[in-house]
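my_file_2.cif, holding mmCIF, N, CA and C atoms:
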```cif
data_target
#
loop_
_atom_site.label_atom_id
_atom_site.label_comp_id
_atom_site.auth_asym_id
_atom_site.auth_seq_id
_atom_site.Cartn_x
_atom_site.Cartn_y
_atom_site.Cartn_z
N MET A 139 -45.25 29.39 -35.80
CA MET A 139 -46.70 29.34 -35.92
C MET A 139 -47.08 29.36 -37.40
N ALA A 140 -48.02 28.53 -37.78
CA ALA A 140 -48.46 28.46 -39.17
C ALA A 140 -49.30 29.70 -39.51
N GLU A 141 -49.19 30.09 -40.76
CA GLU A 141 -49.93 31.25 -41.25
C GLU A 141 -51.38 30.88 -41.55
N PRO A 142 -52.31 31.85 -41.45
CA PRO A 142 -53.71 31.57 -41.80
C PRO A 142 -53.85 31.19 -43.28
N LEU A 143 -54.83 30.36 -43.58
CA LEU A 143 -55.04 29.89 -44.94
C LEU A 143 -55.25 31.04 -45.91
N SER A 144 -56.04 32.02 -45.55
CA SER A 144 -56.30 33.14 -46.46
C SER A 144 -55.01 33.88 -46.80
N TRP A 145 -54.13 34.06 -45.82
CA TRP A 145 -52.84 34.70 -46.08
C TRP A 145 -52.00 33.85 -47.03
N CYS A 146 -52.01 32.54 -46.82
CA CYS A 146 -51.24 31.63 -47.68
C CYS A 146 -51.71 31.71 -49.12
N VAL A 147 -53.02 31.71 -49.34
CA VAL A 147 -53.55 31.79 -50.70
C VAL A 147 -53.11 33.09 -51.35
N GLU A 148 -53.18 34.19 -50.63
CA GLU A 148 -52.76 35.49 -51.18
C GLU A 148 -51.27 35.50 -51.49
N ALA A 149 -50.46 34.90 -50.63
CA ALA A 149 -49.02 34.85 -50.87
C ALA A 149 -48.69 34.00 -52.10
N VAL A 150 -49.43 32.92 -52.30
CA VAL A 150 -49.23 32.09 -53.50
C VAL A 150 -49.63 32.88 -54.74
N ARG A 151 -50.73 33.63 -54.65
CA ARG A 151 -51.15 34.47 -55.78
C ARG A 151 -50.08 35.51 -56.12
N ALA A 152 -49.50 36.12 -55.10
CA ALA A 152 -48.47 37.14 -55.32
C ALA A 152 -47.20 36.52 -55.90
N ALA A 153 -46.90 35.29 -55.53
CA ALA A 153 -45.77 34.52 -56.07
C ALA A 153 -44.44 35.22 -55.92
N THR A 154 -44.26 35.95 -54.83
CA THR A 154 -42.98 36.62 -54.59
C THR A 154 -42.48 36.29 -53.20
N GLU A 155 -41.16 36.33 -53.07
CA GLU A 155 -40.54 36.12 -51.77
C GLU A 155 -40.50 37.45 -51.03
N PRO A 156 -40.45 37.44 -49.73
CA PRO A 156 -40.17 36.31 -48.85
C PRO A 156 -41.41 35.52 -48.45
N GLY A 157 -42.59 36.00 -48.75
CA GLY A 157 -43.80 35.34 -48.28
C GLY A 157 -44.12 34.02 -48.94
N LEU A 158 -43.69 33.83 -50.19
CA LEU A 158 -44.08 32.63 -50.93
C LEU A 158 -43.60 31.36 -50.25
N SER A 159 -42.35 31.28 -49.90
CA SER A 159 -41.83 30.05 -49.27
C SER A 159 -42.51 29.79 -47.94
N ARG A 160 -42.73 30.84 -47.17
CA ARG A 160 -43.39 30.69 -45.88
C ARG A 160 -44.82 30.18 -46.07
N ALA A 161 -45.51 30.70 -47.06
CA ALA A 161 -46.88 30.26 -47.34
C ALA A 161 -46.92 28.81 -47.78
N LEU A 162 -46.03 28.44 -48.70
CA LEU A 162 -45.99 27.06 -49.19
C LEU A 162 -45.67 26.08 -48.06
N LEU A 163 -44.74 26.47 -47.21
CA LEU A 163 -44.38 25.61 -46.08
C LEU A 163 -45.58 25.43 -45.13
N SER A 164 -46.29 26.51 -44.87
CA SER A 164 -47.46 26.43 -44.00
C SER A 164 -48.56 25.59 -44.65
N LEU A 165 -48.75 25.77 -45.95
CA LEU A 165 -49.74 24.95 -46.65
C LEU A 165 -49.39 23.48 -46.57
N ARG A 166 -48.10 23.18 -46.75
CA ARG A 166 -47.67 21.78 -46.76
C ARG A 166 -47.76 21.15 -45.37
N THR A 167 -47.31 21.86 -44.36
CA THR A 167 -47.21 21.25 -43.03
C THR A 167 -48.50 21.34 -42.23
N ARG A 168 -49.36 22.31 -42.54
CA ARG A 168 -50.54 22.50 -41.71
C ARG A 168 -51.85 22.33 -42.49
N HIS A 169 -52.03 23.13 -43.50
CA HIS A 169 -53.35 23.26 -44.11
C HIS A 169 -53.76 22.07 -44.97
N THR A 170 -52.91 21.63 -45.89
CA THR A 170 -53.35 20.58 -46.83
C THR A 170 -53.25 19.18 -46.25
N ARG A 171 -52.66 19.03 -45.11
CA ARG A 171 -52.60 17.71 -44.46
C ARG A 171 -53.79 17.44 -43.57
N ARG A 172 -54.46 18.49 -43.16
CA ARG A 172 -55.62 18.33 -42.28
C ARG A 172 -56.85 17.89 -43.07
N ALA A 173 -57.73 17.19 -42.38
CA ALA A 173 -58.99 16.78 -43.02
C ALA A 173 -59.72 18.02 -43.52
N GLY A 174 -60.09 18.01 -44.78
CA GLY A 174 -60.81 19.12 -45.38
C GLY A 174 -59.93 20.30 -45.79
N GLY A 175 -58.66 20.26 -45.47
CA GLY A 175 -57.78 21.38 -45.76
C GLY A 175 -57.56 21.61 -47.24
N ALA A 176 -57.40 20.54 -48.00
CA ALA A 176 -57.20 20.67 -49.45
C ALA A 176 -58.45 21.26 -50.10
N ALA A 177 -59.62 20.83 -49.65
CA ALA A 177 -60.86 21.37 -50.21
C ALA A 177 -60.99 22.86 -49.89
N ARG A 178 -60.65 23.26 -48.68
CA ARG A 178 -60.72 24.69 -48.32
C ARG A 178 -59.75 25.50 -49.17
N PHE A 179 -58.55 24.97 -49.41
CA PHE A 179 -57.57 25.66 -50.25
C PHE A 179 -58.13 25.83 -51.67
N ARG A 180 -58.73 24.78 -52.20
CA ARG A 180 -59.34 24.82 -53.54
C ARG A 180 -60.48 25.83 -53.59
N GLU A 181 -61.35 25.79 -52.59
CA GLU A 181 -62.51 26.68 -52.56
C GLU A 181 -62.12 28.16 -52.48
N ARG A 182 -60.95 28.44 -51.94
CA ARG A 182 -60.47 29.82 -51.85
C ARG A 182 -59.67 30.23 -53.09
N GLY A 183 -59.67 29.37 -54.08
CA GLY A 183 -59.01 29.72 -55.33
C GLY A 183 -57.51 29.50 -55.34
N GLY A 184 -57.01 28.60 -54.51
CA GLY A 184 -55.57 28.41 -54.39
C GLY A 184 -54.93 27.54 -55.46
N LEU A 185 -55.70 26.69 -56.14
CA LEU A 185 -55.07 25.76 -57.08
C LEU A 185 -54.49 26.43 -58.32
N LYS A 186 -55.20 27.37 -58.91
CA LYS A 186 -54.67 28.00 -60.12
C LYS A 186 -53.34 28.71 -59.86
N PRO A 187 -53.25 29.57 -58.84
CA PRO A 187 -51.95 30.20 -58.60
C PRO A 187 -50.87 29.20 -58.20
N LEU A 188 -51.27 28.10 -57.55
CA LEU A 188 -50.29 27.06 -57.22
C LEU A 188 -49.75 26.43 -58.49
N LEU A 189 -50.63 26.10 -59.42
CA LEU A 189 -50.20 25.53 -60.70
C LEU A 189 -49.35 26.51 -61.50
N ASP A 190 -49.63 27.80 -61.36
CA ASP A 190 -48.83 28.81 -62.06
C ASP A 190 -47.39 28.85 -61.58
N LEU A 191 -47.13 28.30 -60.40
CA LEU A 191 -45.76 28.25 -59.88
C LEU A 191 -44.92 27.14 -60.52
N LEU A 192 -45.56 26.23 -61.23
CA LEU A 192 -44.86 25.06 -61.75
C LEU A 192 -44.17 25.39 -63.07
N GLY A 193 -42.95 25.80 -62.99
CA GLY A 193 -42.14 26.08 -64.17
C GLY A 193 -40.68 25.88 -63.83
N THR A 194 -39.90 25.43 -64.77
CA THR A 194 -38.50 25.13 -64.49
C THR A 194 -37.68 26.37 -64.17
N GLU A 195 -38.25 27.56 -64.41
CA GLU A 195 -37.52 28.78 -64.09
C GLU A 195 -37.57 29.11 -62.60
N ARG A 196 -38.38 28.42 -61.86
CA ARG A 196 -38.50 28.64 -60.41
C ARG A 196 -37.34 27.96 -59.68
N PRO A 197 -36.97 28.50 -58.52
CA PRO A 197 -35.95 27.82 -57.71
C PRO A 197 -36.43 26.43 -57.29
N ARG A 198 -35.48 25.52 -57.11
CA ARG A 198 -35.81 24.14 -56.75
C ARG A 198 -36.65 24.08 -55.49
N ARG A 199 -36.32 24.84 -54.49
CA ARG A 199 -37.07 24.81 -53.22
C ARG A 199 -38.53 25.20 -53.44
N THR A 200 -38.77 26.21 -54.26
CA THR A 200 -40.14 26.63 -54.55
C THR A 200 -40.89 25.52 -55.26
N LEU A 201 -40.25 24.90 -56.25
CA LEU A 201 -40.89 23.80 -56.97
C LEU A 201 -41.16 22.63 -56.04
N ASP A 202 -40.19 22.27 -55.22
CA ASP A 202 -40.38 21.16 -54.29
C ASP A 202 -41.57 21.41 -53.36
N LEU A 203 -41.65 22.61 -52.79
CA LEU A 203 -42.74 22.93 -51.88
C LEU A 203 -44.09 22.97 -52.62
N ALA A 204 -44.12 23.62 -53.77
CA ALA A 204 -45.37 23.73 -54.53
C ALA A 204 -45.86 22.34 -54.95
N LEU A 205 -44.96 21.48 -55.40
CA LEU A 205 -45.35 20.14 -55.80
C LEU A 205 -45.80 19.29 -54.61
N SER A 206 -45.18 19.49 -53.48
CA SER A 206 -45.60 18.77 -52.27
C SER A 206 -47.01 19.18 -51.87
N VAL A 207 -47.29 20.49 -51.92
CA VAL A 207 -48.64 20.98 -51.62
C VAL A 207 -49.63 20.42 -52.63
N LEU A 208 -49.26 20.45 -53.91
CA LEU A 208 -50.16 19.94 -54.94
C LEU A 208 -50.42 18.45 -54.76
N GLY A 209 -49.38 17.69 -54.43
CA GLY A 209 -49.55 16.26 -54.16
C GLY A 209 -50.51 16.02 -53.02
N ASN A 210 -50.41 16.82 -51.96
CA ASN A 210 -51.36 16.71 -50.85
C ASN A 210 -52.77 17.06 -51.30
N CYS A 211 -52.89 18.13 -52.07
CA CYS A 211 -54.21 18.56 -52.54
C CYS A 211 -54.86 17.48 -53.40
N CYS A 212 -54.06 16.82 -54.20
CA CYS A 212 -54.62 15.84 -55.16
C CYS A 212 -55.02 14.54 -54.51
N THR A 213 -55.01 14.49 -53.19
CA THR A 213 -55.61 13.36 -52.50
C THR A 213 -57.11 13.58 -52.34
N GLU A 214 -57.58 14.78 -52.65
CA GLU A 214 -59.00 15.14 -52.54
C GLU A 214 -59.60 15.20 -53.94
N SER A 215 -60.75 14.56 -54.14
CA SER A 215 -61.31 14.42 -55.49
C SER A 215 -61.63 15.75 -56.16
N GLY A 216 -62.13 16.72 -55.44
CA GLY A 216 -62.43 18.02 -56.04
C GLY A 216 -61.17 18.70 -56.54
N CYS A 217 -60.08 18.56 -55.80
CA CYS A 217 -58.80 19.13 -56.24
C CYS A 217 -58.28 18.40 -57.48
N ARG A 218 -58.47 17.09 -57.52
CA ARG A 218 -58.04 16.34 -58.70
C ARG A 218 -58.77 16.83 -59.94
N ARG A 219 -60.09 16.96 -59.84
CA ARG A 219 -60.87 17.43 -60.99
C ARG A 219 -60.44 18.84 -61.43
N GLN A 220 -60.31 19.73 -60.47
CA GLN A 220 -59.95 21.10 -60.82
C GLN A 220 -58.53 21.18 -61.38
N THR A 221 -57.62 20.42 -60.83
CA THR A 221 -56.24 20.41 -61.34
C THR A 221 -56.21 19.94 -62.79
N ARG A 222 -56.98 18.90 -63.10
CA ARG A 222 -57.05 18.43 -64.49
C ARG A 222 -57.67 19.51 -65.38
N ARG A 223 -58.73 20.13 -64.92
CA ARG A 223 -59.43 21.17 -65.70
C ARG A 223 -58.52 22.38 -65.96
N LEU A 224 -57.65 22.69 -65.02
CA LEU A 224 -56.76 23.85 -65.14
C LEU A 224 -55.48 23.54 -65.93
N GLY A 225 -55.37 22.33 -66.47
CA GLY A 225 -54.20 21.98 -67.26
C GLY A 225 -52.99 21.55 -66.44
N GLY A 226 -53.25 21.00 -65.26
CA GLY A 226 -52.16 20.59 -64.39
C GLY A 226 -51.34 19.42 -64.91
N ILE A 227 -51.97 18.52 -65.64
CA ILE A 227 -51.24 17.32 -66.09
C ILE A 227 -50.09 17.68 -67.02
N PRO A 228 -50.30 18.47 -68.07
CA PRO A 228 -49.14 18.82 -68.93
C PRO A 228 -48.03 19.55 -68.17
N ARG A 229 -48.40 20.39 -67.21
CA ARG A 229 -47.39 21.10 -66.42
C ARG A 229 -46.56 20.11 -65.61
N LEU A 230 -47.24 19.13 -65.02
CA LEU A 230 -46.51 18.13 -64.23
C LEU A 230 -45.65 17.25 -65.12
N VAL A 231 -46.17 16.85 -66.27
CA VAL A 231 -45.40 16.01 -67.19
C VAL A 231 -44.13 16.73 -67.63
N SER A 232 -44.21 18.03 -67.83
CA SER A 232 -43.04 18.79 -68.27
C SER A 232 -41.92 18.79 -67.23
N LEU A 233 -42.26 18.46 -65.99
CA LEU A 233 -41.26 18.44 -64.92
C LEU A 233 -40.66 17.06 -64.68
N LEU A 234 -41.05 16.07 -65.48
CA LEU A 234 -40.58 14.71 -65.26
C LEU A 234 -39.19 14.43 -65.81
N SER A 235 -38.65 15.31 -66.60
CA SER A 235 -37.35 15.02 -67.20
C SER A 235 -36.39 16.18 -66.94
N PRO A 236 -35.09 15.92 -67.12
CA PRO A 236 -34.11 16.99 -66.95
C PRO A 236 -34.45 18.16 -67.85
N PRO A 237 -34.17 19.38 -67.45
CA PRO A 237 -33.26 19.78 -66.38
C PRO A 237 -33.86 19.81 -64.98
N ALA A 238 -35.09 19.36 -64.80
CA ALA A 238 -35.69 19.36 -63.47
C ALA A 238 -34.90 18.46 -62.53
N PRO A 239 -34.61 18.92 -61.32
CA PRO A 239 -33.90 18.08 -60.35
C PRO A 239 -34.70 16.83 -60.00
N GLU A 240 -34.02 15.81 -59.53
CA GLU A 240 -34.67 14.54 -59.22
C GLU A 240 -35.77 14.71 -58.18
N SER A 241 -35.57 15.56 -57.19
CA SER A 241 -36.61 15.76 -56.17
C SER A 241 -37.88 16.34 -56.80
N VAL A 242 -37.72 17.22 -57.77
CA VAL A 242 -38.86 17.81 -58.48
C VAL A 242 -39.54 16.73 -59.32
N GLN A 243 -38.76 15.92 -60.01
CA GLN A 243 -39.32 14.83 -60.81
C GLN A 243 -40.13 13.87 -59.93
N ASN A 244 -39.60 13.54 -58.76
CA ASN A 244 -40.29 12.61 -57.86
C ASN A 244 -41.61 13.20 -57.37
N ARG A 245 -41.60 14.47 -57.02
CA ARG A 245 -42.83 15.10 -56.52
C ARG A 245 -43.86 15.26 -57.64
N ALA A 246 -43.39 15.56 -58.85
CA ALA A 246 -44.31 15.65 -59.99
C ALA A 246 -44.94 14.28 -60.25
N ALA A 247 -44.15 13.22 -60.15
CA ALA A 247 -44.68 11.86 -60.35
C ALA A 247 -45.70 11.52 -59.26
N ARG A 248 -45.46 11.94 -58.04
CA ARG A 248 -46.41 11.69 -56.95
C ARG A 248 -47.73 12.41 -57.23
N ALA A 249 -47.67 13.65 -57.66
CA ALA A 249 -48.90 14.40 -57.96
C ALA A 249 -49.65 13.73 -59.11
N LEU A 250 -48.92 13.29 -60.14
CA LEU A 250 -49.57 12.59 -61.26
C LEU A 250 -50.23 11.29 -60.79
N ALA A 251 -49.55 10.58 -59.91
CA ALA A 251 -50.13 9.33 -59.38
C ALA A 251 -51.41 9.63 -58.61
N ASN A 252 -51.42 10.70 -57.83
CA ASN A 252 -52.64 11.07 -57.11
C ASN A 252 -53.74 11.49 -58.08
N LEU A 253 -53.39 12.17 -59.15
CA LEU A 253 -54.39 12.55 -60.15
C LEU A 253 -54.99 11.33 -60.83
N ALA A 254 -54.22 10.25 -60.89
CA ALA A 254 -54.67 9.02 -61.55
C ALA A 254 -55.46 8.09 -60.63
N LEU A 255 -55.83 8.55 -59.45
CA LEU A 255 -56.58 7.71 -58.52
C LEU A 255 -58.00 7.41 -59.00
N GLU A 256 -58.52 8.24 -59.87
CA GLU A 256 -59.86 8.04 -60.43
C GLU A 256 -59.72 7.68 -61.90
N PRO A 257 -60.67 6.93 -62.45
CA PRO A 257 -60.55 6.50 -63.85
C PRO A 257 -60.35 7.66 -64.84
N GLU A 258 -61.07 8.77 -64.66
CA GLU A 258 -60.91 9.91 -65.58
C GLU A 258 -59.50 10.48 -65.50
N GLY A 259 -58.99 10.57 -64.30
CA GLY A 259 -57.64 11.09 -64.11
C GLY A 259 -56.59 10.15 -64.69
N ALA A 260 -56.78 8.85 -64.48
CA ALA A 260 -55.84 7.87 -65.04
C ALA A 260 -55.82 7.97 -66.56
N ARG A 261 -57.00 8.10 -67.15
CA ARG A 261 -57.09 8.25 -68.61
C ARG A 261 -56.33 9.49 -69.07
N ASP A 262 -56.53 10.61 -68.37
CA ASP A 262 -55.86 11.86 -68.75
C ASP A 262 -54.35 11.78 -68.58
N VAL A 263 -53.91 11.14 -67.51
CA VAL A 263 -52.46 11.00 -67.29
C VAL A 263 -51.85 10.11 -68.37
N LEU A 264 -52.51 9.00 -68.68
CA LEU A 264 -51.99 8.11 -69.72
C LEU A 264 -52.00 8.79 -71.09
N ALA A 265 -53.01 9.60 -71.35
CA ALA A 265 -53.09 10.32 -72.63
C ALA A 265 -51.96 11.34 -72.76
N ALA A 266 -51.38 11.75 -71.65
CA ALA A 266 -50.28 12.71 -71.68
C ALA A 266 -48.95 12.02 -71.99
N ASP A 267 -48.98 10.73 -72.27
CA ASP A 267 -47.79 9.95 -72.63
C ASP A 267 -46.75 9.94 -71.51
N VAL A 268 -47.22 9.85 -70.28
CA VAL A 268 -46.32 9.80 -69.14
C VAL A 268 -45.44 8.56 -69.18
N GLN A 269 -45.97 7.44 -69.71
CA GLN A 269 -45.23 6.18 -69.74
C GLN A 269 -43.87 6.34 -70.42
N SER A 270 -43.79 7.21 -71.42
CA SER A 270 -42.52 7.37 -72.14
C SER A 270 -41.39 7.85 -71.23
N PHE A 271 -41.72 8.52 -70.13
CA PHE A 271 -40.69 8.98 -69.20
C PHE A 271 -40.15 7.85 -68.35
N PHE A 272 -40.88 6.75 -68.29
CA PHE A 272 -40.47 5.64 -67.45
C PHE A 272 -39.97 4.43 -68.23
N ASP A 273 -40.06 4.51 -69.57
CA ASP A 273 -39.54 3.42 -70.39
C ASP A 273 -38.02 3.42 -70.33
N ASP A 274 -37.46 2.23 -70.27
CA ASP A 274 -36.00 2.09 -70.25
C ASP A 274 -35.53 1.82 -71.67
N ASP A 275 -34.79 2.77 -72.22
CA ASP A 275 -34.31 2.62 -73.59
C ASP A 275 -33.07 1.74 -73.68
N ASP A 276 -32.47 1.43 -72.56
CA ASP A 276 -31.25 0.65 -72.55
C ASP A 276 -31.61 -0.83 -72.42
N ASP A 277 -31.53 -1.56 -73.52
CA ASP A 277 -31.87 -2.97 -73.51
C ASP A 277 -30.81 -3.83 -72.84
N ASP A 278 -29.63 -3.25 -72.59
CA ASP A 278 -28.56 -4.03 -71.96
C ASP A 278 -28.97 -4.51 -70.58
N ASP A 279 -29.73 -3.68 -69.83
CA ASP A 279 -30.15 -4.09 -68.50
C ASP A 279 -31.04 -5.32 -68.57
N ASP A 280 -31.94 -5.36 -69.56
CA ASP A 280 -32.81 -6.51 -69.71
C ASP A 280 -32.00 -7.76 -70.03
N ASP A 281 -30.98 -7.61 -70.88
CA ASP A 281 -30.15 -8.75 -71.22
C ASP A 281 -29.41 -9.27 -70.00
N ASP A 282 -28.93 -8.35 -69.14
CA ASP A 282 -28.23 -8.77 -67.94
C ASP A 282 -29.14 -9.56 -67.02
N ASP A 283 -30.41 -9.13 -66.92
CA ASP A 283 -31.35 -9.84 -66.08
C ASP A 283 -31.60 -11.24 -66.61
N ASP A 284 -31.71 -11.36 -67.94
CA ASP A 284 -31.94 -12.68 -68.55
C ASP A 284 -30.75 -13.59 -68.27
N GLU A 285 -29.53 -13.04 -68.39
CA GLU A 285 -28.33 -13.85 -68.18
C GLU A 285 -28.26 -14.30 -66.72
N ALA A 286 -28.68 -13.44 -65.82
CA ALA A 286 -28.60 -13.78 -64.38
C ALA A 286 -29.55 -14.93 -64.06
N ARG A 287 -30.63 -15.05 -64.81
CA ARG A 287 -31.60 -16.11 -64.54
C ARG A 287 -31.25 -17.41 -65.26
N THR A 288 -30.34 -17.35 -66.20
CA THR A 288 -29.97 -18.56 -66.95
C THR A 288 -29.03 -19.42 -66.10
N PRO A 289 -29.33 -20.72 -66.02
CA PRO A 289 -28.45 -21.59 -65.20
C PRO A 289 -27.09 -21.79 -65.83
#
```
Representation of the structure as structure tokens:
Amino acid sequence: MAEPLSWCVEAVRAATEPGLSRALLSLRTRHTRRAGGAARFRERGGLKPLLDLLGTERPRRTLDLALSVLGNCCTESGCRRQTRRLGGIPRLVSLLSPPAPESVQNRAARALANLALEPEGARDVLAADVQSFFDDDDDDDDDDDDEARTP
């Protein structure tokens, strides 16, 4: 059975196990996927403590769950605005490169993509120099592609 939203917000604020993982799982599978669920989570003050969980010192499972919840939340415009206001973009950008596991990098990229759904968010994401994480420094791959196309 999923936990009540108010309990989940309190567990995220406390940021300690065993309740934290259970709360994040309930937020991901029940609360933030439902219509209006992300807005209710935001209105109860859940975004700031959720963003506070985003650090490489956290276990991978905690980061994966927190980023999944944040990605769901950032499908709602009020959550996108508040996440940007709370400094969520730099926190997410910091998770795009090693030592963050690939699953964490993918979820951080998803949350950033959702934040960029509006022009203001796209501007803020681009200003954070996210593109540099996706540039390919190895020109050999480009050369191989050119050779493959040459008759």
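Taking atom N of Glu141 of chain A as the reference point, atom N of Leu203 of chain A is found at 16.0 Å.
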With 8 Å as the threshold, what does the neighbourhood of (-48.8, 14.4, -59.0) contain in terms of residues, counting all atoms listed in the file? Coordinates are those of the file; answer as an mmCIF file with N, CA and C atoms, keeping the file's coordinate frame.
```
data_model
loop_
_atom_site.group_PDB
_atom_site.id
_atom_site.type_symbol
_atom_site.label_atom_id
_atom_site.label_comp_id
_atom_site.auth_asym_id
_atom_site.auth_seq_id
_atom_site.Cartn_x
_atom_site.Cartn_y
_atom_site.Cartn_z
ATOM 1 N N LEU A 205 -44.960 21.480 -55.400
ATOM 2 C CA LEU A 205 -45.350 20.140 -55.800
ATOM 3 C C LEU A 205 -45.800 19.290 -54.610
ATOM 4 N N LEU A 208 -49.260 20.450 -53.910
ATOM 5 C CA LEU A 208 -50.160 19.940 -54.940
ATOM 6 C C LEU A 208 -50.420 18.450 -54.760
ATOM 7 N N GLY A 209 -49.380 17.690 -54.430
ATOM 8 C CA GLY A 209 -49.550 16.260 -54.160
ATOM 9 C C GLY A 209 -50.510 16.020 -53.020
ATOM 10 N N ASN A 210 -50.410 16.820 -51.960
ATOM 11 C CA ASN A 210 -51.360 16.710 -50.850
ATOM 12 C C ASN A 210 -52.770 17.060 -51.300
ATOM 13 N N CYS A 212 -54.060 16.820 -54.200
ATOM 14 C CA CYS A 212 -54.620 15.840 -55.160
ATOM 15 C C CYS A 212 -55.020 14.540 -54.510
ATOM 16 N N LEU A 230 -47.240 19.130 -65.020
ATOM 17 C CA LEU A 230 -46.510 18.130 -64.230
ATOM 18 C C LEU A 230 -45.650 17.250 -65.120
ATOM 19 N N ASN A 244 -39.600 13.540 -58.760
ATOM 20 C CA ASN A 244 -40.290 12.610 -57.860
ATOM 21 C C ASN A 244 -41.610 13.200 -57.370
ATOM 22 N N ARG A 245 -41.600 14.470 -57.020
ATOM 23 C CA ARG A 245 -42.830 15.100 -56.520
ATOM 24 C C ARG A 245 -43.860 15.260 -57.640
ATOM 25 N N ALA A 246 -43.390 15.560 -58.850
ATOM 26 C CA ALA A 246 -44.310 15.650 -59.990
ATOM 27 C C ALA A 246 -44.940 14.280 -60.250
ATOM 28 N N ALA A 247 -44.150 13.220 -60.150
ATOM 29 C CA ALA A 247 -44.680 11.860 -60.350
ATOM 30 C C ALA A 247 -45.700 11.520 -59.260
ATOM 31 N N ARG A 248 -45.460 11.940 -58.040
ATOM 32 C CA ARG A 248 -46.410 11.690 -56.950
ATOM 33 C C ARG A 248 -47.730 12.410 -57.230
ATOM 34 N N ALA A 249 -47.670 13.650 -57.660
ATOM 35 C CA ALA A 249 -48.900 14.400 -57.960
ATOM 36 C C ALA A 249 -49.650 13.730 -59.110
ATOM 37 N N LEU A 250 -48.920 13.290 -60.140
ATOM 38 C CA LEU A 250 -49.570 12.590 -61.260
ATOM 39 C C LEU A 250 -50.230 11.290 -60.790
ATOM 40 N N ALA A 251 -49.550 10.580 -59.910
ATOM 41 C CA ALA A 251 -50.130 9.330 -59.380
ATOM 42 C C ALA A 251 -51.410 9.630 -58.610
ATOM 43 N N ASN A 252 -51.420 10.700 -57.830
ATOM 44 C CA ASN A 252 -52.640 11.070 -57.110
ATOM 45 C C ASN A 252 -53.740 11.490 -58.080
ATOM 46 N N LEU A 253 -53.390 12.170 -59.150
ATOM 47 C CA LEU A 253 -54.390 12.550 -60.150
ATOM 48 C C LEU A 253 -54.990 11.330 -60.830
ATOM 49 N N ALA A 254 -54.220 10.250 -60.890
ATOM 50 C CA ALA A 254 -54.670 9.020 -61.550
ATOM 51 C C ALA A 254 -55.460 8.090 -60.630
#
```
Just want the 9 Å neighbourhood of segment 162-176 of chain A, counted on only C-alpha atoms, with same-chain residues fewer than 3 positions away dropped. Output as a short mmCIF file (atom, residue, chain, number, x, y, z; two decimals) with N, CA and C atoms, in the coordinates of the input.
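Below you can see around.cif, which holds the result:
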```cif
data_model
loop_
_atom_site.label_atom_id
_atom_site.label_comp_id
_atom_site.auth_asym_id
_atom_site.auth_seq_id
_atom_site.Cartn_x
_atom_site.Cartn_y
_atom_site.Cartn_z
N MET A 139 -45.25 29.39 -35.80
CA MET A 139 -46.70 29.34 -35.92
C MET A 139 -47.08 29.36 -37.40
N ALA A 140 -48.02 28.53 -37.78
CA ALA A 140 -48.46 28.46 -39.17
C ALA A 140 -49.30 29.70 -39.51
N GLU A 141 -49.19 30.09 -40.76
CA GLU A 141 -49.93 31.25 -41.25
C GLU A 141 -51.38 30.88 -41.55
N PRO A 142 -52.31 31.85 -41.45
CA PRO A 142 -53.71 31.57 -41.80
C PRO A 142 -53.85 31.19 -43.28
N LEU A 143 -54.83 30.36 -43.58
CA LEU A 143 -55.04 29.89 -44.94
C LEU A 143 -55.25 31.04 -45.91
N CYS A 146 -52.01 32.54 -46.82
CA CYS A 146 -51.24 31.63 -47.68
C CYS A 146 -51.71 31.71 -49.12
N VAL A 147 -53.02 31.71 -49.34
CA VAL A 147 -53.55 31.79 -50.70
C VAL A 147 -53.11 33.09 -51.35
N ALA A 149 -50.46 34.90 -50.63
CA ALA A 149 -49.02 34.85 -50.87
C ALA A 149 -48.69 34.00 -52.10
N VAL A 150 -49.43 32.92 -52.30
CA VAL A 150 -49.23 32.09 -53.50
C VAL A 150 -49.63 32.88 -54.74
N GLY A 157 -42.59 36.00 -48.75
CA GLY A 157 -43.80 35.34 -48.28
C GLY A 157 -44.12 34.02 -48.94
N LEU A 158 -43.69 33.83 -50.19
CA LEU A 158 -44.08 32.63 -50.93
C LEU A 158 -43.60 31.36 -50.25
N SER A 159 -42.35 31.28 -49.90
CA SER A 159 -41.83 30.05 -49.27
C SER A 159 -42.51 29.79 -47.94
N PHE A 179 -58.55 24.97 -49.41
CA PHE A 179 -57.57 25.66 -50.25
C PHE A 179 -58.13 25.83 -51.67
N ARG A 180 -58.73 24.78 -52.20
CA ARG A 180 -59.34 24.82 -53.54
C ARG A 180 -60.48 25.83 -53.59
N GLU A 181 -61.35 25.79 -52.59
CA GLU A 181 -62.51 26.68 -52.56
C GLU A 181 -62.12 28.16 -52.48
N THR A 200 -38.77 26.21 -54.26
CA THR A 200 -40.14 26.63 -54.55
C THR A 200 -40.89 25.52 -55.26
N LEU A 203 -41.65 22.61 -52.79
CA LEU A 203 -42.74 22.93 -51.88
C LEU A 203 -44.09 22.97 -52.62
N ALA A 204 -44.12 23.62 -53.77
CA ALA A 204 -45.37 23.73 -54.53
C ALA A 204 -45.86 22.34 -54.95
N SER A 206 -45.18 19.49 -53.48
CA SER A 206 -45.60 18.77 -52.27
C SER A 206 -47.01 19.18 -51.87
N VAL A 207 -47.29 20.49 -51.92
CA VAL A 207 -48.64 20.98 -51.62
C VAL A 207 -49.63 20.42 -52.63
N LEU A 208 -49.26 20.45 -53.91
CA LEU A 208 -50.16 19.94 -54.94
C LEU A 208 -50.42 18.45 -54.76
N ASN A 210 -50.41 16.82 -51.96
CA ASN A 210 -51.36 16.71 -50.85
C ASN A 210 -52.77 17.06 -51.30
N CYS A 211 -52.89 18.13 -52.07
CA CYS A 211 -54.21 18.56 -52.54
C CYS A 211 -54.86 17.48 -53.40
N CYS A 212 -54.06 16.82 -54.20
CA CYS A 212 -54.62 15.84 -55.16
C CYS A 212 -55.02 14.54 -54.51
N THR A 213 -55.01 14.49 -53.19
CA THR A 213 -55.61 13.36 -52.50
C THR A 213 -57.11 13.58 -52.34
N GLU A 214 -57.58 14.78 -52.65
CA GLU A 214 -59.00 15.14 -52.54
C GLU A 214 -59.60 15.20 -53.94
N GLY A 216 -62.13 16.72 -55.44
CA GLY A 216 -62.43 18.02 -56.04
C GLY A 216 -61.17 18.70 -56.54
N CYS A 217 -60.08 18.56 -55.80
CA CYS A 217 -58.80 19.13 -56.24
C CYS A 217 -58.28 18.40 -57.48
#
```
